[in-house]
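Novice: This is the structure, below, for whatever I ask next.
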Amino acid sequence: MLYEIQTYGKEVLRRKTEKIPEIDNAIRKVVNNMFETMYAAEGIGLAAPQVDKSIRLFIVDLSPLEEDEGKRVFINPEIYVYGGESDEYEEGCLSLPTVREIVTRPTCIKIRYQNLDGDHIDEEVCEFLARVIQHEYDHLEQTLFTDHLSSLKRSLLKKTLNKIARGEIEVEASENFEL
Ligand code: NI
C-alpha cells in the first residue's frame with residue numbers, strides 16, 4: 001500500500017515522534033508500505049513522519065546508487081556521536097519537492113538502533129550512508145534539511161517553500177535520489 005508523502009507545511013513534519021515499544025506485525029506492515037512508497041517515489045531514504053506517522057523509524061536503501069547493501073531499517077535510533085570532520089553535498093527531500101541545496105554535515109556518526117528483528121545494533125557509519133542517516137534522523141527530530149541552511153539561503157527559498165505548503169508543487173519521482 002502506498003502512503004501519501006507529507007510535504008513542507010504539514011504539521012506532522014514538526015510533531016514529536018514516539019519510541020516504538022514493540023516490533024510487531026503492525027510495525028512490519030508500516031515498514032513494508034514505507035519501502036513501497038519510497039521506491040515508487042524513487043527515493044533512497046524515508047522517515048515515518050513523511051508518511052504521517054509520528055514514530056521513531058526510518059528506512060534507507062542506497063542500492064540505486066550501488067552503494068551499501070540494500071534495505072536498511074532503523075527503529076528507535078539514537079545518533080550518539082557526530083564526528084569532527086564534515087563534508088558538503090547537495091541534498092534533496094521527498095517532502096521538499098524541487099528544492100536542492102548544499103548541506104554541511106559530519107562525515108562520520110555513531111548510531112544505536114533496533115532492526116526489524118528487534119536486535120540492538122551499534123555501529124559507526126561514514127560518508128554517504130552517514131549523510132542519509134543524519135537526514136532521516138533529523139526528520140524524527142522535527143528538522144528539515146533547509147533548517148541547516150543560512151538565514152539568507154532560507155529567505156531565498158521562502159517563495160518555493162510557500163508554494164509547496166499551498167500544494168502548488170507536488171511530489172514527483174525524480175532521478176535525484178531524494179531523502
Ligand atoms: Ni527528507
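By order in the C-alpha cells, chains are A, B, ...; within a chain, residues start at 1; ligands start at 1, following the order shown.
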Pick out the residues no farther than 8 Å from ligand 1, counting only C-alpha atoms and all ligand atoms, and list them as an MDAnalysis selection string.
Specialist: chainID A and resid 45:47 50 92:96 135:136 139 144:145 178:179
Novice: I'd like the neighbourhood of stretch 17-20 of chain A as a list in words, where a residue qualifies if any of its atoms comes within 6 Å (using only C-alpha atoms), though same-chain residues fewer than 6 positions away should be ignored.
Specialist: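 Near neighbours after the sequence-gap exclusion: Ser54, Ile55, Arg56, Asn76 and Leu140 of chain A.
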Novice: Could you save the residues just selected, with C-alpha atoms, as a compact mmCIF listing (two decimals), in the first residue's frame?
Specialist:
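Contents of the output file selection.txt:
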```txt
# COMPACT_ATOMS: atom_id res chain seq x y z
CA SER A 54 4.90 10.17 14.50
CA ILE A 55 7.08 7.21 15.40
CA ARG A 56 10.85 6.75 15.60
CA ASN A 76 14.29 3.79 17.80
CA LEU A 140 12.47 12.21 13.67
```
Novice: Quick one: of A:Pro21, A:Pro77, A:Pro64, A:Gly84, who's nearest to A:Glu175, counting only C-alpha atoms?
Specialist: A:Pro64
Novice: Name the residues of stretch 32-138 of chain A that come out as strand (DSSP E or B) in a backbone DSSP run; write them as an NGL selection string.
Specialist: :A and (45-47 or 55 or 57-61 or 71-82 or 86-91 or 101-106 or 108-114 or 120-126)
Novice: Pull C-alpha atoms from the residues just selected and write them as a JSON list (two decimals), in the first residue's frame.
Specialist:
```json
[["chain", "number", "residue", "atom", "x", "y", "z"],
["A", 45, "GLY", "CA", 15.56, 7.28, 2.36],
["A", 46, "LEU", "CA", 12.20, 7.84, 4.06],
["A", 47, "ALA", "CA", 11.25, 8.65, 7.66],
["A", 55, "ILE", "CA", 7.08, 7.21, 15.40],
["A", 57, "LEU", "CA", 11.50, 4.80, 12.43],
["A", 58, "PHE", "CA", 13.21, 5.42, 9.12],
["A", 59, "ILE", "CA", 14.32, 3.33, 6.19],
["A", 60, "VAL", "CA", 17.23, 3.62, 3.74],
["A", 61, "ASP", "CA", 18.13, 1.80, 0.54],
["A", 71, "LYS", "CA", 17.34, -2.33, 2.54],
["A", 72, "ARG", "CA", 18.06, -0.97, 6.00],
["A", 73, "VAL", "CA", 15.52, -0.32, 8.75],
["A", 74, "PHE", "CA", 16.31, 1.89, 11.74],
["A", 75, "ILE", "CA", 13.94, 1.60, 14.70],
["A", 76, "ASN", "CA", 14.29, 3.79, 17.80],
["A", 77, "PRO", "CA", 17.60, 5.17, 16.53],
["A", 78, "GLU", "CA", 19.89, 7.37, 18.53],
["A", 79, "ILE", "CA", 22.88, 9.12, 16.98],
["A", 80, "TYR", "CA", 25.20, 9.47, 19.95],
["A", 81, "VAL", "CA", 28.40, 10.69, 18.30],
["A", 82, "TYR", "CA", 28.75, 13.21, 15.48],
["A", 86, "SER", "CA", 32.43, 17.38, 7.84],
["A", 87, "ASP", "CA", 31.65, 17.47, 4.15],
["A", 88, "GLU", "CA", 29.22, 19.08, 1.76],
["A", 89, "TYR", "CA", 26.63, 17.57, -0.54],
["A", 90, "GLU", "CA", 23.60, 18.82, -2.43],
["A", 91, "GLU", "CA", 20.59, 17.25, -0.70],
["A", 101, "GLU", "CA", 20.73, 22.77, -1.52],
["A", 102, "ILE", "CA", 24.25, 22.13, -0.29],
["A", 103, "VAL", "CA", 24.21, 20.93, 3.31],
["A", 104, "THR", "CA", 27.30, 20.57, 5.52],
["A", 105, "ARG", "CA", 27.22, 17.53, 7.81],
["A", 106, "PRO", "CA", 29.67, 15.50, 9.89],
["A", 108, "CYS", "CA", 31.00, 10.01, 10.41],
["A", 109, "ILE", "CA", 28.46, 9.20, 13.11],
["A", 110, "LYS", "CA", 27.86, 6.53, 15.70],
["A", 111, "ILE", "CA", 24.32, 5.25, 15.92],
["A", 112, "ARG", "CA", 22.39, 2.79, 18.08],
["A", 113, "TYR", "CA", 19.12, 1.36, 16.81],
["A", 114, "GLN", "CA", 17.00, -1.77, 16.50],
["A", 120, "HIS", "CA", 20.11, -3.89, 19.18],
["A", 121, "ILE", "CA", 22.80, -2.65, 16.83],
["A", 122, "ASP", "CA", 25.55, -0.17, 17.48],
["A", 123, "GLU", "CA", 27.63, 0.97, 14.53],
["A", 124, "GLU", "CA", 29.91, 3.62, 13.19],
["A", 125, "VAL", "CA", 28.88, 4.86, 9.77],
["A", 126, "CYS", "CA", 30.76, 7.24, 7.46]]
```
Novice: Would you mind writing down, as number ranges by chain, each residue of chain A that DSSP on the backbone assigns to alpha helix (DSSP H)?
Specialist: A: 25-40, 127-140, 151-165
Novice: What separation in Å, quoted to one decimal, exists between atom CA of A:Thr146 and atom CA of A:Lys163?
Specialist: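 Taking atom CA of A:Thr146 and atom CA of A:Lys163, their separation equals 15.0 Å.
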